[in-house]
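Structure record follows, encoded as structure tokens.
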Amino acid sequence: MNCETARLLMENNDPGLEQHMRSCPSCVLQTHARYYEAPAGLEQKIRQSLRRENSAPSPWRWLAIAASLLLAASIAWNMALLRSRMDTHQVLAASVLSAHVRSLAGTHLLDVISSDQHTVKPWFNGKLDFSPAVKDLEGFPLLGGRLEYLDSHPAAALVYGRQKHIINLFIWPSAATTAEVSETRNGYHLQSWSSGGMTFWAVSDLNETELRQFVRLYRRN
Amino acid sequence: MNPARNLARFEEIIIPHLNAAYNLARWLTGDGHDAEDLVQEAYLRAFRSFDTFQGQDGRAWLLAVVRNTCFTWLRKKGDQATVEFDEQMHSGAGESSHAESFLLNQAALGSLQACLEALPLEFRDVIVLRELEELSYKEISDIARVPIGTVMSRLARARKRLQQCLAGATR
């Protein structure tokens, strides 16, 4: 006897039913356990929430929106940073240039007069907390060096010559990287770069091509 | 598939099983309000993962989500579901001793509800899926992620317990 038959027997008040039901809890459950029906209105609520879900931007879209906002903010921040760095750079260029002009105008161009790098380099010992790279450059004879004060730092000034022209190469340690810039101010050419934690500025009234050549030689040696 | 068509398809296939979803949630949680909230949540979850639906039986697929939602909720609530189900504990000796004294009468039927509600969650779970939703062993095994053998033994014990409970109530 299956449960369906049992159901029929029960509906007809048949005494044979009890025997079956006695041994078949499934029948009892299937015929008598309460089946809860969803309350009225639940379907409507579900349909509404599905519709809201379907029209709401997905979490991925929110993520994309957040990402683009972040990107925009980051670009703005970087622009501001760049601008302030450029400002710093301009200020520095001006002070480098006036140091150069001062050195030519007065009598204080050289503290140590020597064309020998092995004389000039040790001269800075004890005067600076860093040791500048003094190099012999072909076509640009070393004239000597002196102490300078730039960007709130003691700096080394190496002086090179080129015919009648004087080149000042300023060197000081700096945590910030200096932009590689080549520029012209008041007829002077300036070139800046950084390397190995040091900031370098070369200034001269030399023409731009030759100053570039000087920098290239210095950086290569 | 475009979102509107996707929703229409979901509503067509899954919404008709709302009663089954509610019945299961109601039996698992024992509370009408909780069941209503959980069914709503389950429908949203089902909709979000509708891409995993591959044309199998919509009711079994939905019930798996409902069951999952309920168990997660019960576990969070710190209900008995946190206690790992111990097959040994529930297979104690003497289970069948009163089974034959089970009689079907009005009193027994009256206590059927109480006896079902008193069943441990894991037993109630399989009983509802099997006897009320009339799912196959295979479907229950898929939904509960246990072997068919486990489904069968759980069901057998659940029925025995129910008989004992009913017998005890009518004696």
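Naming scheme: A, B, ... for chains in displayed order of the structure tokens; residues 1 onward per chain; ligands 1 onward as shown.
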
Cut-off 6 Å: closest chain B/chain A atom pairs per residue, using only C-alpha atoms, as a Markdown table:
| residue | atom | partner | partner_atom | distance |
| --- | --- | --- | --- | --- |
| B:Asn19 | CA | A:Ala38 | CA | 5.0 |
| B:Tyr22 | CA | A:Ala38 | CA | 5.3 |
| B:Asn23 | CA | A:Tyr36 | CA | 4.7 |
| B:Gln40 | CA | A:Ile46 | CA | 5.7 |
| B:Leu103 | CA | A:Arg22 | CA | 5.7 |
| B:Glu131 | CA | A:Gln30 | CA | 5.6 |

Prev. selection, C-alpha atoms, output as a PDB file, in the first residue's frame:
ATOM      1  CA  ASN B  19       5.636  28.420  -1.223  1.00  0.00           C
ATOM      2  CA  TYR B  22       8.765  29.670   2.554  1.00  0.00           C
ATOM      3  CA  ASN B  23       7.725  26.273   3.885  1.00  0.00           C
ATOM      4  CA  GLN B  40      13.530  37.467   0.621  1.00  0.00           C
ATOM      5  CA  LEU B 103      -0.906   4.826  16.912  1.00  0.00           C
ATOM      6  CA  GLU B 131       8.192  14.290   3.022  1.00  0.00           C
TER       7      GLU B 131
END

Ala144 (chain B): which residues within 12 Å, counting only C-alpha atoms, same-chain residues fewer than 2 positions away excluded, as a compact mmCIF listing (two decimals) with C-alpha atoms, in the first residue's frame?
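Listing of around_33.txt after writing:
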# COMPACT_ATOMS: atom_id res chain seq x y z
CA ALA B 60 15.55 22.14 -6.03
CA TRP B 61 17.95 24.90 -7.10
CA LEU B 63 15.64 25.31 -2.08
CA ALA B 64 19.41 24.81 -1.97
CA VAL B 65 19.83 28.60 -1.77
CA VAL B 66 17.07 28.93 0.84
CA ARG B 67 18.53 26.14 2.95
CA ASN B 68 21.97 27.72 2.72
CA PHE B 71 21.73 27.63 7.91
CA GLU B 122 19.41 18.13 10.72
CA PHE B 123 16.50 15.69 11.01
CA ASP B 125 15.85 19.41 7.38
CA VAL B 126 15.73 16.05 5.60
CA LEU B 129 12.79 18.13 2.02
CA ARG B 130 11.71 14.51 1.62
CA LEU B 135 12.42 15.70 -3.29
CA TYR B 137 17.24 11.26 -2.25
CA LYS B 138 19.55 12.38 -5.01
CA GLU B 139 18.20 15.92 -4.94
CA ILE B 140 18.46 16.09 -1.15
CA SER B 141 21.99 14.75 -1.32
CA ASP B 142 22.89 17.50 -3.79
CA VAL B 146 26.12 14.84 1.82
CA PRO B 147 26.21 11.34 0.30
CA ILE B 148 22.90 9.67 -0.52
CA THR B 150 23.79 9.76 4.76
CA VAL B 151 20.51 11.21 3.54
CA ARG B 154 19.31 10.50 8.54

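Proximity of B:Leu112, B:Leu155, B:Asp57, B:Gly30 to Cys70 (chain B), computed with only C-alpha atoms, is greatest for B:Gly30.
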
When you look at Asp136 (chain A) with a cut-off of 8 Å (counting only C-alpha atoms), what residues show up, excluding the ones that are within fewer than 3 positions of it in the same chain? I need them as a list in words.
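Everything that qualifies: Asp116, Gln117, Phe140, Pro141 and Leu142 of chain A.
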
Given the selection you just returned, output its residues as a file containing C-alpha atoms, formatted as a PDB file, in the first residue's frame.
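Result file follows (out_29.pdb):
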ATOM      1  CA  ASP A 116      94.616  68.069 -10.311  1.00  0.00           C
ATOM      2  CA  GLN A 117      91.514  66.222  -9.238  1.00  0.00           C
ATOM      3  CA  PHE A 140      87.216  71.156 -19.964  1.00  0.00           C
ATOM      4  CA  PRO A 141      90.240  71.736 -17.736  1.00  0.00           C
ATOM      5  CA  LEU A 142      89.639  71.676 -14.000  1.00  0.00           C
TER       6      LEU A 142
END

Work out how far apart CA of Phe53 (chain B) and CA of Arg75 (chain B) are and give it in Å to one decimal.
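Separation between CA of Phe53 (chain B) and CA of Arg75 (chain B): 25.9 Å.
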
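Rounded to one decimal, CA of Ile166 (chain A) and CA of Tyr149 (chain A) lie 18.9 Å from each other.
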
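Between CA of Leu158 (chain A) and CA of Leu110 (chain A) there is a distance of 8.7 Å.
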
Select from region 35-68 of chain A everything DSSP, run on the backbone, classes as helix (DSSP H, G or I), then give the selection as number ranges by chain.
A: 42-55, 59-68

Nearby residues (only C-alpha atoms) at most 12 Å from Arg9 (chain B), same-chain spacing under 3 positions excluded, as a list of chain:residue names
B:Met1, B:Asn2, B:Pro3, B:Ala4, B:Arg5, B:Asn6, B:Glu12, B:Ile13, B:Ile14, B:Ile15, B:Pro16, B:Phe47, B:Phe50, B:Asp51, B:Phe53, B:Gly55, B:Gly58

Find the residues around Asp129 (chain A) up to 12 Å (only C-alpha atoms counted), leave out those fewer than 2 positions away in its own chain, and share them as a PDB file with C-alpha atoms, in the first residue's frame.
ATOM      1  CA  PHE A 124      86.779  69.220   0.501  1.00  0.00           C
ATOM      2  CA  ASN A 125      87.499  66.657   3.250  1.00  0.00           C
ATOM      3  CA  GLY A 126      86.482  68.052   6.581  1.00  0.00           C
ATOM      4  CA  LYS A 127      84.720  70.985   4.946  1.00  0.00           C
ATOM      5  CA  SER A 131      82.753  63.885  -0.962  1.00  0.00           C
ATOM      6  CA  PRO A 132      82.024  65.310  -4.411  1.00  0.00           C
ATOM      7  CA  LEU A 147      82.576  76.014  -0.880  1.00  0.00           C
ATOM      8  CA  HIS A 153      72.989  73.007   2.214  1.00  0.00           C
ATOM      9  CA  PRO A 154      76.720  73.397   2.104  1.00  0.00           C
ATOM     10  CA  ALA A 155      77.597  72.573  -1.474  1.00  0.00           C
ATOM     11  CA  ALA A 156      80.727  71.851  -3.436  1.00  0.00           C
ATOM     12  CA  ILE A 171      77.035  69.422  -6.012  1.00  0.00           C
ATOM     13  CA  TRP A 172      75.186  68.698  -2.783  1.00  0.00           C
ATOM     14  CA  PRO A 173      73.402  65.712  -1.303  1.00  0.00           C
TER      15      PRO A 173
END
